[in-house]
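Visitor: One file is attached below, run-v6.txt, containing compact mmCIF, C-alpha atoms.
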# COMPACT_ATOMS: atom_id res chain seq x y z
CA MET Z 1 -2.49 -10.65 -20.26
CA ALA Z 2 -5.56 -10.45 -18.07
CA THR Z 3 -6.86 -6.99 -17.26
CA LYS Z 4 -7.43 -6.16 -13.64
CA LYS Z 5 -8.69 -3.08 -11.90
CA PHE Z 6 -5.90 -1.42 -9.93
CA MET Z 7 -6.50 1.37 -7.45
CA TYR Z 8 -3.69 3.52 -6.09
CA LEU Z 9 -4.67 4.85 -2.70
CA ASN Z 10 -2.91 8.13 -1.86
CA ARG Z 11 -3.48 9.56 1.61
CA LYS Z 12 -0.32 11.56 2.28
CA ALA Z 13 0.86 14.97 1.13
CA SER Z 14 3.94 15.31 -1.08
CA TYR Z 15 7.45 16.21 0.21
CA GLY Z 16 7.01 15.48 3.95
CA THR Z 17 7.39 11.79 3.17
CA VAL Z 18 8.42 9.89 0.05
CA TYR Z 19 5.13 8.05 -0.47
CA ALA Z 20 3.57 10.48 -2.96
CA ILE Z 21 6.44 10.59 -5.46
CA GLU Z 22 7.17 6.87 -5.21
CA SER Z 23 3.47 6.12 -5.72
CA LEU Z 24 3.52 8.26 -8.86
CA GLU Z 25 6.56 6.28 -10.06
CA VAL Z 26 4.54 3.06 -9.76
CA VAL Z 27 1.60 4.59 -11.61
CA LEU Z 28 3.84 5.65 -14.51
CA ILE Z 29 5.24 2.09 -14.78
CA ALA Z 30 1.73 0.64 -14.43
CA ALA Z 31 0.69 2.49 -17.58
CA ALA Z 32 2.78 0.07 -19.66
CA PHE Z 33 0.81 -2.93 -18.39
CA GLU Z 34 -2.50 -1.84 -19.92
CA GLN Z 35 -4.50 -2.47 -16.79
CA ASP Z 36 -7.51 -0.48 -15.63
CA VAL Z 37 -5.96 2.19 -13.40
CA SER Z 38 -7.67 4.48 -10.90
CA LEU Z 39 -6.06 6.87 -8.45
CA ALA Z 40 -7.78 7.88 -5.24
CA PHE Z 41 -6.75 10.99 -3.33
CA ILE Z 42 -8.06 10.94 0.21
CA ASP Z 43 -7.12 12.82 3.39
CA ASP Z 44 -3.85 14.78 2.94
CA GLY Z 45 -3.38 12.94 -0.36
CA VAL Z 46 -5.46 15.69 -1.97
CA TYR Z 47 -2.49 18.05 -1.55
CA GLN Z 48 -0.56 15.99 -4.11
CA ILE Z 49 -2.55 17.55 -6.94
CA VAL Z 50 -3.02 21.08 -5.62
CA GLU Z 51 -2.11 23.74 -8.19
CA GLY Z 52 0.80 26.11 -7.59
CA GLN Z 53 3.33 23.92 -5.78
CA ASN Z 54 6.75 25.56 -5.58
CA THR Z 55 9.63 23.65 -4.04
CA ASP Z 56 12.35 26.26 -4.65
CA GLY Z 57 12.64 26.87 -0.93
CA ILE Z 58 13.13 23.26 0.18
CA GLY Z 59 15.73 21.93 -2.24
CA MET Z 60 13.49 19.13 -3.47
CA LYS Z 61 12.22 18.31 -6.94
CA ASN Z 62 8.73 19.62 -7.74
CA PHE Z 63 7.19 16.51 -9.26
CA SER Z 64 3.62 17.82 -9.38
CA LYS Z 65 4.04 18.60 -13.10
CA THR Z 66 4.39 14.87 -13.74
CA PHE Z 67 0.69 14.43 -12.97
CA HIS Z 68 0.01 16.28 -16.24
CA ALA Z 69 1.65 13.41 -18.14
CA LEU Z 70 -0.79 10.80 -16.82
CA GLY Z 71 -3.42 11.66 -19.42
CA ASP Z 72 -0.97 10.75 -22.21
CA TYR Z 73 -0.67 7.29 -20.66
CA ASP Z 74 -4.44 6.76 -20.62
CA ILE Z 75 -4.53 7.21 -16.88
CA ASN Z 76 -7.53 9.46 -16.54
CA LYS Z 77 -9.47 8.31 -13.49
CA LEU Z 78 -8.27 10.47 -10.62
CA TYR Z 79 -10.85 10.43 -7.84
CA VAL Z 80 -10.62 13.08 -5.15
CA SER Z 81 -12.58 12.86 -1.92
CA ALA Z 82 -14.99 15.80 -1.69
CA GLU Z 83 -15.06 15.50 2.09
CA SER Z 84 -11.26 15.54 2.33
CA LEU Z 85 -11.12 18.70 0.17
CA GLU Z 86 -13.79 20.43 2.21
CA GLU Z 87 -12.17 19.58 5.56
CA ARG Z 88 -8.99 21.22 4.30
CA GLY Z 89 -10.67 24.38 3.05
CA LEU Z 90 -10.02 23.41 -0.58
CA THR Z 91 -12.28 23.21 -3.61
CA ALA Z 92 -11.95 21.60 -7.04
CA ASP Z 93 -10.66 24.98 -8.29
CA ASP Z 94 -7.56 24.60 -6.14
CA LEU Z 95 -6.54 21.44 -8.00
CA MET Z 96 -4.36 21.15 -11.11
CA PRO Z 97 -6.49 21.11 -14.29
CA LEU Z 98 -5.42 17.59 -15.33
CA VAL Z 99 -6.84 16.44 -18.65
CA TYR Z 100 -6.71 13.62 -21.18
CA GLU Z 101 -7.72 13.31 -24.82
CA ASP Z 102 -10.64 10.93 -25.27
CA GLU Z 103 -9.86 8.71 -28.26
CA ASP Z 104 -13.48 7.52 -28.34
CA ASP Z 105 -14.75 11.09 -28.66
CA ASP Z 106 -12.64 12.60 -31.46
CA TRP Z 107 -9.72 13.23 -29.06
CA GLU Z 108 -11.71 15.81 -27.18
CA GLU Z 109 -9.88 17.11 -24.11
CA LYS Z 110 -11.63 16.07 -20.91
CA PRO Z 111 -10.90 16.47 -17.20
CA SER Z 112 -9.18 13.51 -15.50
CA VAL Z 113 -9.98 14.68 -11.98
CA LYS Z 114 -13.34 13.81 -10.52
CA VAL Z 115 -14.36 15.07 -7.11
CA VAL Z 116 -16.49 12.34 -5.55
CA SER Z 117 -18.30 11.83 -2.25
CA ASN Z 118 -17.18 9.18 0.22
CA ALA Z 119 -20.20 7.12 -0.80
CA GLU Z 120 -19.19 7.21 -4.47
CA LEU Z 121 -15.60 6.46 -3.55
CA SER Z 122 -16.72 3.48 -1.53
CA LYS Z 123 -18.53 2.12 -4.59
CA ILE Z 124 -15.52 2.65 -6.87
CA MET Z 125 -13.26 0.98 -4.33
CA SER Z 126 -15.53 -2.05 -4.01
CA ASP Z 127 -15.11 -2.61 -7.73
CA GLN Z 128 -11.30 -2.96 -7.61
CA ASP Z 129 -9.23 -6.14 -7.91
CA VAL Z 130 -6.01 -4.77 -6.43
CA CYS Z 131 -5.50 -1.83 -4.10
CA LEU Z 132 -1.97 -0.49 -3.69
CA SER Z 133 -1.60 1.81 -0.67
CA PHE Z 134 1.19 4.34 -0.27
CA MET J 1 -13.38 -6.47 0.75
CA LEU J 2 -11.09 -6.68 3.70
CA HIS J 3 -9.89 -3.38 5.15
CA THR J 4 -6.86 -3.49 7.41
CA VAL J 5 -6.12 -0.65 9.82
CA ASN J 6 -2.75 -0.59 11.56
CA LYS J 7 -2.82 2.71 13.43
CA SER J 8 -4.46 3.73 16.69
CA SER J 9 -7.43 6.04 16.25
CA PHE J 10 -5.81 8.26 18.92
CA GLU J 11 -2.78 8.81 16.69
CA ARG J 12 -4.01 8.85 13.09
CA ASN J 13 -7.23 9.17 11.12
CA SER J 14 -6.77 5.81 9.31
CA LEU J 15 -9.71 4.15 11.04
CA GLN J 16 -12.01 7.11 10.36
CA SER J 17 -10.92 7.21 6.71
CA CYS J 18 -11.57 3.50 6.41
CA LEU J 19 -15.02 3.91 7.98
CA ASN J 20 -15.78 6.75 5.54
CA ALA J 21 -15.04 4.51 2.57
CA ILE J 22 -16.27 1.11 3.69
CA ASP J 23 -19.30 -0.41 1.92
CA ASP J 24 -22.13 -2.43 3.50
CA THR J 25 -20.52 -5.84 3.24
CA SER J 26 -16.80 -5.30 3.86
CA VAL J 27 -15.06 -6.18 7.09
CA ILE J 28 -12.28 -4.51 9.08
CA LEU J 29 -9.24 -6.22 10.57
CA LEU J 30 -7.31 -4.24 13.18
CA ILE J 31 -3.59 -5.05 13.22
CA GLU J 32 -0.45 -3.64 14.86
CA ASP J 33 -1.35 -0.38 16.70
CA GLY J 34 -4.77 -0.59 15.03
CA VAL J 35 -5.81 -3.02 17.78
CA ILE J 36 -5.91 -0.12 20.24
CA SER J 37 -9.23 0.70 18.57
CA ALA J 38 -10.50 -2.74 19.60
CA ALA J 39 -10.27 -1.92 23.30
CA ASN J 40 -12.94 -0.27 25.37
CA ASN J 41 -11.97 3.39 25.34
CA ALA J 42 -13.21 6.88 24.44
CA ASN J 43 -13.16 5.99 20.72
CA SER J 44 -15.01 2.66 21.01
CA SER J 45 -18.20 4.05 19.53
CA MET J 46 -16.43 4.37 16.15
CA LEU J 47 -16.62 0.61 15.69
CA SER J 48 -19.56 -0.48 17.85
CA ASP J 49 -22.16 -0.66 15.04
CA LEU J 50 -19.93 -2.60 12.68
CA ALA J 51 -18.80 -4.86 15.51
CA ALA J 52 -22.43 -5.63 16.37
CA GLN J 53 -22.82 -6.76 12.77
CA GLY J 54 -19.88 -9.12 13.24
CA ARG J 55 -17.68 -7.19 10.81
CA VAL J 56 -14.75 -6.20 13.04
CA TYR J 57 -11.74 -8.42 13.73
CA ALA J 58 -8.54 -7.82 15.66
CA LEU J 59 -5.25 -9.68 15.46
CA GLN J 60 -4.78 -11.67 18.68
CA GLY J 61 -0.98 -11.43 18.73
CA ASP J 62 -1.08 -7.65 18.53
CA VAL J 63 -3.80 -7.43 21.21
CA ASP J 64 -1.79 -9.63 23.57
CA ALA J 65 1.46 -7.79 22.88
CA ARG J 66 -0.15 -4.52 23.90
CA GLY J 67 -1.60 -5.92 27.12
CA ILE J 68 -5.22 -5.16 26.27
CA SER J 69 -6.70 -8.66 25.89
CA SER J 70 -8.96 -8.16 28.93
CA LYS J 71 -10.26 -4.86 27.56
CA ILE J 72 -11.55 -5.87 24.14
CA ALA J 73 -14.91 -4.30 23.29
CA ASP J 74 -18.04 -6.41 22.76
CA ASN J 75 -18.49 -8.28 19.48
CA ILE J 76 -14.95 -7.80 18.23
CA LYS J 77 -13.62 -11.12 16.99
CA LEU J 78 -10.04 -12.12 17.60
CA VAL J 79 -8.08 -13.99 14.93
CA ASP J 80 -4.54 -15.31 14.66
CA TYR J 81 -2.34 -14.95 11.54
CA ALA J 82 -3.97 -18.03 9.99
CA GLY J 83 -7.30 -16.27 10.55
CA PHE J 84 -5.88 -13.15 8.88
CA VAL J 85 -5.01 -15.28 5.84
CA ASP J 86 -8.52 -16.77 5.82
CA LEU J 87 -10.07 -13.28 5.93
CA VAL J 88 -8.01 -12.24 2.90
CA VAL J 89 -9.10 -15.36 1.02
CA GLU J 90 -12.74 -14.95 1.98
CA HIS J 91 -13.23 -11.22 1.44
CA GLY J 92 -11.44 -10.57 -1.85
CA THR J 93 -9.53 -7.37 -2.46
CA ALA J 94 -7.54 -6.21 0.55
CA VAL J 95 -7.31 -2.47 1.24
CA SER J 96 -4.62 -1.29 3.66
CA TRP J 97 -5.18 2.05 5.35
CA VAL J 98 -1.47 2.60 5.93
CA MET N 1 -4.51 -19.37 -3.45
CA LYS N 2 -1.72 -17.23 -4.87
CA PHE N 3 -0.70 -14.26 -2.70
CA SER N 4 1.68 -11.37 -3.17
CA ILE N 5 2.81 -8.90 -0.55
CA GLN N 6 4.00 -5.29 -0.75
CA ILE N 7 6.13 -4.00 2.14
CA ASN N 8 6.57 -0.25 2.47
CA GLU N 9 8.73 0.03 5.58
CA GLY N 10 12.14 -1.10 6.75
CA PRO N 11 12.85 -3.57 9.55
CA TYR N 12 12.76 -2.71 13.28
CA GLN N 13 11.50 0.88 12.86
CA HIS N 14 8.02 -0.35 11.92
CA GLN N 15 6.14 -3.58 12.55
CA ALA N 16 5.13 -3.85 8.88
CA SER N 17 7.82 -6.33 7.86
CA ASP N 18 7.22 -8.49 10.95
CA THR N 19 3.47 -8.62 10.36
CA ALA N 20 4.01 -9.39 6.68
CA TYR N 21 6.41 -12.19 7.61
CA GLN N 22 3.93 -13.74 10.07
CA PHE N 23 1.23 -13.43 7.43
CA ALA N 24 3.40 -15.08 4.76
CA LYS N 25 4.39 -17.90 7.12
CA ALA N 26 0.75 -18.56 8.01
CA ALA N 27 -0.28 -18.48 4.35
CA ILE N 28 2.39 -21.01 3.41
CA ALA N 29 1.43 -23.21 6.37
CA ALA N 30 -2.18 -23.16 5.16
CA GLY N 31 -1.06 -24.45 1.75
CA HIS N 32 -1.17 -21.14 -0.12
CA GLU N 33 1.54 -19.90 -2.44
CA ILE N 34 3.45 -16.65 -1.97
CA PHE N 35 4.05 -15.59 -5.55
CA ARG N 36 6.17 -12.56 -4.68
CA VAL N 37 7.10 -10.22 -1.85
CA PHE N 38 7.86 -6.75 -3.18
CA PHE N 39 9.91 -4.39 -1.05
CA TYR N 40 9.27 -0.71 -1.76
CA HIS N 41 10.01 2.67 -0.14
CA ASP N 42 12.12 2.08 2.99
CA GLY N 43 11.03 -1.54 2.73
CA VAL N 44 14.12 -2.10 0.59
CA ASN N 45 16.17 -2.02 3.81
CA ASN N 46 14.73 -5.45 4.68
CA ALA N 47 17.19 -6.87 2.14
CA SER N 48 20.45 -5.75 3.76
CA ARG N 49 22.79 -8.66 4.41
CA PHE N 50 24.67 -6.41 6.86
CA THR N 51 21.78 -6.43 9.32
CA VAL N 52 23.14 -7.45 12.73
CA PRO N 53 20.50 -7.32 15.47
CA PRO N 54 21.37 -8.25 19.08
CA GLN N 55 21.39 -12.00 19.68
CA ASP N 56 18.19 -12.03 21.75
CA ASP N 57 16.20 -10.34 18.98
CA ARG N 58 14.77 -11.73 15.77
CA ASN N 59 16.72 -11.25 12.55
CA VAL N 60 14.09 -9.81 10.22
CA VAL N 61 16.27 -10.20 7.11
CA ASN N 62 17.20 -13.83 7.79
CA GLN N 63 13.59 -14.66 8.65
CA TRP N 64 12.56 -13.64 5.16
CA ALA N 65 15.50 -15.49 3.64
CA GLU N 66 14.57 -18.66 5.51
CA LEU N 67 11.06 -18.65 4.08
CA GLY N 68 12.79 -19.45 0.79
CA ILE N 69 10.26 -17.75 -1.47
CA LYS N 70 11.40 -18.64 -5.00
CA ASN N 71 9.92 -19.16 -8.44
CA ALA N 72 9.99 -22.29 -10.58
CA GLU N 73 13.40 -21.26 -11.96
CA GLY N 74 14.80 -21.07 -8.45
CA GLU N 75 15.15 -17.27 -8.49
CA PRO N 76 14.25 -15.44 -5.30
CA GLU N 77 10.80 -13.87 -5.27
CA LEU N 78 11.78 -11.48 -2.50
CA VAL N 79 12.05 -8.54 -4.88
CA VAL N 80 13.60 -5.19 -4.02
CA CYS N 81 12.60 -2.17 -6.11
CA VAL N 82 15.72 -0.99 -7.93
CA ALA N 83 14.90 2.74 -7.96
CA ALA N 84 13.95 2.77 -4.27
CA ALA N 85 17.00 0.65 -3.40
CA LEU N 86 19.61 2.72 -5.26
CA ARG N 87 18.53 6.00 -3.70
CA ARG N 88 18.78 4.39 -0.27
CA GLY N 89 22.21 2.87 -0.76
CA MET N 90 21.04 -0.70 -1.31
CA LEU N 91 22.98 -2.29 -4.17
CA ASP N 92 23.67 -5.76 -5.46
CA GLU N 93 26.88 -6.66 -7.27
CA SER N 94 25.65 -5.69 -10.71
CA GLU N 95 24.21 -2.33 -9.64
CA ALA N 96 27.37 -1.57 -7.68
CA SER N 97 29.62 -2.13 -10.68
CA LYS N 98 27.22 -0.31 -13.01
CA ASN N 99 27.30 2.73 -10.72
CA GLY N 100 30.99 2.56 -9.83
CA VAL N 101 30.33 1.82 -6.17
CA GLU N 102 32.52 -0.49 -4.15
CA GLY N 103 30.78 -3.25 -2.21
CA ASN N 104 27.21 -4.47 -2.22
CA ASN N 105 24.71 -5.28 0.48
CA ILE N 106 21.74 -7.19 -0.94
CA HIS N 107 21.20 -10.54 0.79
CA PRO N 108 21.39 -13.40 -1.74
CA ALA N 109 17.85 -14.53 -0.89
CA PHE N 110 16.60 -11.25 -2.40
CA ARG N 111 16.92 -9.82 -5.89
CA ILE N 112 16.76 -6.31 -7.28
CA SER N 113 14.30 -5.59 -10.05
CA GLY N 114 11.98 -2.96 -11.46
CA LEU N 115 8.60 -1.64 -10.37
CA GLY N 116 6.96 -3.65 -13.13
CA GLN N 117 7.41 -6.65 -10.85
CA LEU N 118 4.94 -5.12 -8.40
CA ILE N 119 2.33 -4.61 -11.10
CA GLU N 120 2.96 -8.10 -12.42
CA ALA N 121 2.51 -9.48 -8.90
CA GLY N 122 -0.87 -7.74 -8.75
CA ILE N 123 -1.88 -9.24 -12.08
CA GLN N 124 -0.65 -12.78 -11.43
CA SER N 125 -1.82 -13.17 -7.82
CA ASP N 126 -5.28 -13.81 -6.47
CA ARG N 127 -4.60 -11.35 -3.65
CA LEU N 128 -2.10 -8.59 -2.99
CA VAL N 129 -1.76 -7.35 0.58
CA VAL N 130 0.10 -4.16 1.51
CA PHE N 131 1.94 -3.69 4.80
CA GLY N 132 3.19 -0.21 5.68
CA ASP N 133 3.44 2.56 8.24
Just give me the structure as structure tokens.
Guide:
Amino acid sequence: MATKKFMYLNRKASYGTVYAIESLEVVLIAAAFEQDVSLAFIDDGVYQIVEGQNTDGIGMKNFSKTFHALGDYDINKLYVSAESLEERGLTADDLMPLVYEDEDDDWEEKPSVKVVSNAELSKIMSDQDVCLSF
Amino acid sequence: MLHTVNKSSFERNSLQSCLNAIDDTSVILLIEDGVISAANNANSSMLSDLAAQGRVYALQGDVDARGISSKIADNIKLVDYAGFVDLVVEHGTAVSWV
Amino acid sequence: MKFSIQINEGPYQHQASDTAYQFAKAAIAAGHEIFRVFFYHDGVNNASRFTVPPQDDRNVVNQWAELGIKNAEGEPELVVCVAAALRRGMLDESEASKNGVEGNNIHPAFRISGLGQLIEAGIQSDRLVVFGD
């Protein structure tokens, strides 16, 4: 099967609407298709991977832990907009420490999350074949 | 690339987010409530540079439906649905700022 | 060219399905192929055969059905995500019996399938366009 570059564009926070969790469901399925997968977190989408989410008080499932599984599926390109973080008073330290094991580098554990500027994000986006927005 | 924006810049930040991420060659198509950003209004300056470069389109049907066809800003090109299809063909990957 | 479409919102509440329909119709008229329309999130509600709009309004569900988007085997290529559909009470006959639910509401021009169909649409098509909120 041909390999294409897929980008998943996430611009909404979790819980208030269903987009975040249902986007993650697509990404988990996408892993089986061995395509080149990137995730972009822009605007309120950055809140999807903030550390310390606790949904006990709202009666909904806390699915943020699922992001930790992405590395095991070779999904390790999570791009976060630096400008979106800054606007929201967040830094890279507020995000979950998501990692993957690099099979080309003796399975060394490496970070999956990359904080990138809008300019870098624009470049990455221009390189994609398919962009799925949620 | 073709970027589609379907929300008014008075209601959501979709257009601004699109402008933050757009490269030097991509074009924008305003659809649904996105066409409100094609009219002359307080937010017109957001698109004026790109429009001057001929890189901003708006969907005619949505413009007409919202009663703003006489208020479209300079250099914004109107297309019908067939034109929308042509833009997708011509500009490669489509990015929707939903 | 081969197109696929992803629809994230239900009928009437949002314009997404209407715009996608006009886009699909124009693409077909221009000689392009619609490989698949994938209904996700509340978009699954576009497949309800119980949709009864007032007579002077368009019927969004029937409009899609009338486009007759099918594959070479004659199966519908209006595809409803199974996980999104089940949690929103959209079931076909087989899902209804599997889950012990009486009745079913998926229009016969649509079919229920998995999320893999969306990825496959992205792989097989020259372009995938998303319509949403």
Visitor: For a cut-off of 8 Å around (-6.5, -5.4, 22.3), file coordinates, pick out all residues using only C-alpha atoms and list them as a ChimeraX atom specification.
Guide: /J:35-39,58,60,62-64,66-72
Visitor: Find the residues of chain Z that sit at most 8 Å from chain J; for each, write down the nearest two atoms and how far apart they are in Å, to one decimal. Count only C-alpha atoms. Sort by chain, then by number going up, and give it as a tab-separated table.
Guide:
residue	atom	partner	partner_atom	distance
Z:Asp43	CA	J:Ser17	CA	7.5
Z:Asn118	CA	J:Ala21	CA	5.6
Z:Ala119	CA	J:Ala21	CA	6.7
Z:Leu121	CA	J:Ala21	CA	6.4
Z:Ser122	CA	J:Ala21	CA	4.5
Z:Lys123	CA	J:Asp23	CA	7.0
Z:Met125	CA	J:Ala21	CA	8.0
Z:Ser126	CA	J:Met1	CA	6.8
Z:Gln128	CA	J:Thr93	CA	7.0
Z:Asp129	CA	J:Thr93	CA	5.6
Z:Val130	CA	J:Thr93	CA	5.9
Z:Cys131	CA	J:Val95	CA	5.7
Z:Leu132	CA	J:Val95	CA	7.5
Z:Ser133	CA	J:Ser96	CA	6.1
Z:Phe134	CA	J:Val98	CA	7.0
Visitor: Emit the selected residues as a compact mmCIF listing (two decimals), in the frame of the given file, including C-alpha atoms.
Guide:
# COMPACT_ATOMS: atom_id res chain seq x y z
CA ASP Z 43 -7.12 12.82 3.39
CA ASN Z 118 -17.18 9.18 0.22
CA ALA Z 119 -20.20 7.12 -0.80
CA LEU Z 121 -15.60 6.46 -3.55
CA SER Z 122 -16.72 3.48 -1.53
CA LYS Z 123 -18.53 2.12 -4.59
CA MET Z 125 -13.26 0.98 -4.33
CA SER Z 126 -15.53 -2.05 -4.01
CA GLN Z 128 -11.30 -2.96 -7.61
CA ASP Z 129 -9.23 -6.14 -7.91
CA VAL Z 130 -6.01 -4.77 -6.43
CA CYS Z 131 -5.50 -1.83 -4.10
CA LEU Z 132 -1.97 -0.49 -3.69
CA SER Z 133 -1.60 1.81 -0.67
CA PHE Z 134 1.19 4.34 -0.27
Visitor: Between CA of Ser38 (chain Z) and CA of Lys5 (chain Z), what is the distance in Å, rounded to a tenth?
Guide: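 Rounded to one decimal, the two atoms are 7.7 Å apart.
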Visitor: With a cut-off of 7 Å and counting all atoms listed in the file, select all residues of chain N in contact with chain Z and give the selection as a PyMOL selection string.
Guide: chain N and resi 115-116+119+122-123+128+130
Visitor: Nearest residue to chain J out of N:Glu93, N:Ser4, N:Ala27, N:Gln13, using all atoms listed in the file?
Guide: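 Smallest separation from chain J among the options: N:Ala27.
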Visitor: For the interface of chain J with chain N (cut-off 12 Å, counting all atoms listed in the file), please tabulate each contacting residue of chain J alongside its nearest pair of atoms and their separation in Å to one decimal, rows sorted by chain and increasing number, as JSON lines.
Guide:
{"residue": "J:Met1", "atom": "CA", "partner": "N:Arg127", "partner_atom": "CA", "distance": 11.0}
{"residue": "J:Leu2", "atom": "CA", "partner": "N:Val129", "partner_atom": "CA", "distance": 9.9}
{"residue": "J:His3", "atom": "CA", "partner": "N:Val129", "partner_atom": "CA", "distance": 10.1}
{"residue": "J:Thr4", "atom": "CA", "partner": "N:Val130", "partner_atom": "CA", "distance": 9.1}
{"residue": "J:Val5", "atom": "CA", "partner": "N:Phe131", "partner_atom": "CA", "distance": 10.0}
{"residue": "J:Asn6", "atom": "CA", "partner": "N:Asp133", "partner_atom": "CA", "distance": 7.7}
{"residue": "J:Lys7", "atom": "CA", "partner": "N:Asp133", "partner_atom": "CA", "distance": 8.1}
{"residue": "J:Ser8", "atom": "CA", "partner": "N:Asp133", "partner_atom": "CA", "distance": 11.6}
{"residue": "J:Arg12", "atom": "CA", "partner": "N:Asp133", "partner_atom": "CA", "distance": 10.9}
{"residue": "J:Ser14", "atom": "CA", "partner": "N:Asp133", "partner_atom": "CA", "distance": 10.8}
{"residue": "J:Leu30", "atom": "CA", "partner": "N:Thr19", "partner_atom": "CA", "distance": 12.0}
{"residue": "J:Ile31", "atom": "CA", "partner": "N:Thr19", "partner_atom": "CA", "distance": 8.4}
{"residue": "J:Glu32", "atom": "CA", "partner": "N:Gln15", "partner_atom": "CA", "distance": 7.0}
{"residue": "J:Asp33", "atom": "CA", "partner": "N:Gln15", "partner_atom": "CA", "distance": 9.1}
{"residue": "J:Gly34", "atom": "CA", "partner": "N:Asp133", "partner_atom": "CA", "distance": 11.1}
{"residue": "J:Leu59", "atom": "CA", "partner": "N:Thr19", "partner_atom": "CA", "distance": 10.2}
{"residue": "J:Gly61", "atom": "CA", "partner": "N:Thr19", "partner_atom": "CA", "distance": 9.9}
{"residue": "J:Asp62", "atom": "CA", "partner": "N:Thr19", "partner_atom": "CA", "distance": 9.4}
{"residue": "J:Val79", "atom": "CA", "partner": "N:Phe23", "partner_atom": "CA", "distance": 12.0}
{"residue": "J:Asp80", "atom": "CA", "partner": "N:Ala26", "partner_atom": "CA", "distance": 9.1}
{"residue": "J:Tyr81", "atom": "CA", "partner": "N:Phe23", "partner_atom": "CA", "distance": 5.7}
{"residue": "J:Ala82", "atom": "CA", "partner": "N:Ala26", "partner_atom": "CA", "distance": 5.1}
{"residue": "J:Gly83", "atom": "CA", "partner": "N:Ala26", "partner_atom": "CA", "distance": 8.7}
{"residue": "J:Phe84", "atom": "CA", "partner": "N:Phe23", "partner_atom": "CA", "distance": 7.3}
{"residue": "J:Val85", "atom": "CA", "partner": "N:Ala27", "partner_atom": "CA", "distance": 5.9}
{"residue": "J:Asp86", "atom": "CA", "partner": "N:Ala27", "partner_atom": "CA", "distance": 8.5}
{"residue": "J:Leu87", "atom": "CA", "partner": "N:Ala27", "partner_atom": "CA", "distance": 11.2}
{"residue": "J:Val88", "atom": "CA", "partner": "N:Arg127", "partner_atom": "CA", "distance": 7.4}
{"residue": "J:Val89", "atom": "CA", "partner": "N:Met1", "partner_atom": "CA", "distance": 7.6}
{"residue": "J:Glu90", "atom": "CA", "partner": "N:Arg127", "partner_atom": "CA", "distance": 10.5}
{"residue": "J:His91", "atom": "CA", "partner": "N:Arg127", "partner_atom": "CA", "distance": 10.0}
{"residue": "J:Gly92", "atom": "CA", "partner": "N:Arg127", "partner_atom": "CA", "distance": 7.1}
{"residue": "J:Thr93", "atom": "CA", "partner": "N:Arg127", "partner_atom": "CA", "distance": 6.4}
{"residue": "J:Ala94", "atom": "CA", "partner": "N:Val129", "partner_atom": "CA", "distance": 5.9}
{"residue": "J:Val95", "atom": "CA", "partner": "N:Val129", "partner_atom": "CA", "distance": 7.4}
{"residue": "J:Ser96", "atom": "CA", "partner": "N:Val130", "partner_atom": "CA", "distance": 5.9}
{"residue": "J:Trp97", "atom": "CA", "partner": "N:Gly132", "partner_atom": "CA", "distance": 8.7}
{"residue": "J:Val98", "atom": "CA", "partner": "N:Asp133", "partner_atom": "CA", "distance": 5.4}
Visitor: Distance cut-off 9 Å, centre (-1.3, 12.9, -12.2) in file coordinates, counting all atoms listed in the file: which residues qualify? Return them as a PyMOL selection string.
Guide: chain Z and resi 24+27+39+48-49+64-71+75-76+78+96+98+112-113
Visitor: Any chance you could export the current selection's C-alpha atoms as a tab-separated table (two decimals), in the frame of the given file?
Guide:
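The result, stored in again10.tsv:
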chain	number	residue	atom	x	y	z
Z	24	LEU	CA	3.52	8.26	-8.86
Z	27	VAL	CA	1.60	4.59	-11.61
Z	39	LEU	CA	-6.06	6.87	-8.45
Z	48	GLN	CA	-0.56	15.99	-4.11
Z	49	ILE	CA	-2.55	17.55	-6.94
Z	64	SER	CA	3.62	17.82	-9.38
Z	65	LYS	CA	4.04	18.60	-13.10
Z	66	THR	CA	4.39	14.87	-13.74
Z	67	PHE	CA	0.69	14.43	-12.97
Z	68	HIS	CA	0.01	16.28	-16.24
Z	69	ALA	CA	1.65	13.41	-18.14
Z	70	LEU	CA	-0.79	10.80	-16.82
Z	71	GLY	CA	-3.42	11.66	-19.42
Z	75	ILE	CA	-4.53	7.21	-16.88
Z	76	ASN	CA	-7.53	9.46	-16.54
Z	78	LEU	CA	-8.27	10.47	-10.62
Z	96	MET	CA	-4.36	21.15	-11.11
Z	98	LEU	CA	-5.42	17.59	-15.33
Z	112	SER	CA	-9.18	13.51	-15.50
Z	113	VAL	CA	-9.98	14.68	-11.98
Visitor: Give me, please, the distance in Å between CA of Asn59 (chain N) and CA of Ala109 (chain N), quoted to one decimal.
Guide: 13.9 Å
Visitor: For each of Z:Gly16, Z:Pro97, Z:Gly89, Z:Pro111, take the minimum atom-to-atom distance to Gly52 (chain Z), counting only C-alpha atoms, then give the residue where this is smallest.
Guide: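 Of the candidates, the smallest distance to Gly52 (chain Z) is held by Z:Pro97.
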Visitor: Between CA of Leu91 (chain N) and CA of Met60 (chain Z), what is the distance in Å, rounded to a tenth?
Guide: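 Rounded to one decimal, the two atoms are 23.4 Å apart.
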Visitor: Between N:Glu33, N:Glu102, N:Asp56, N:Glu95, single out the one closest to Gly68 (chain N), counting only C-alpha atoms.
Guide: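 So, comparing all the options, the nearest one is N:Glu33.
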Visitor: Just checking: using only C-alpha atoms, which residue out of Z:Phe63, Z:Asp105, Z:Asp127, Z:Asp56 ends up closest to Ile21 (chain Z)?
Guide: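 Looking only at the distances to Ile21 (chain Z), the closest residue turns out to be Z:Phe63.
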Visitor: Could you give me, as a PyMOL selection string, the residues within 9 Å of Gly54 (chain J), counting all atoms listed in the file and dropping anything in the same chain fewer than 6 positions from it?
Guide: chain J and resi 27+75-77
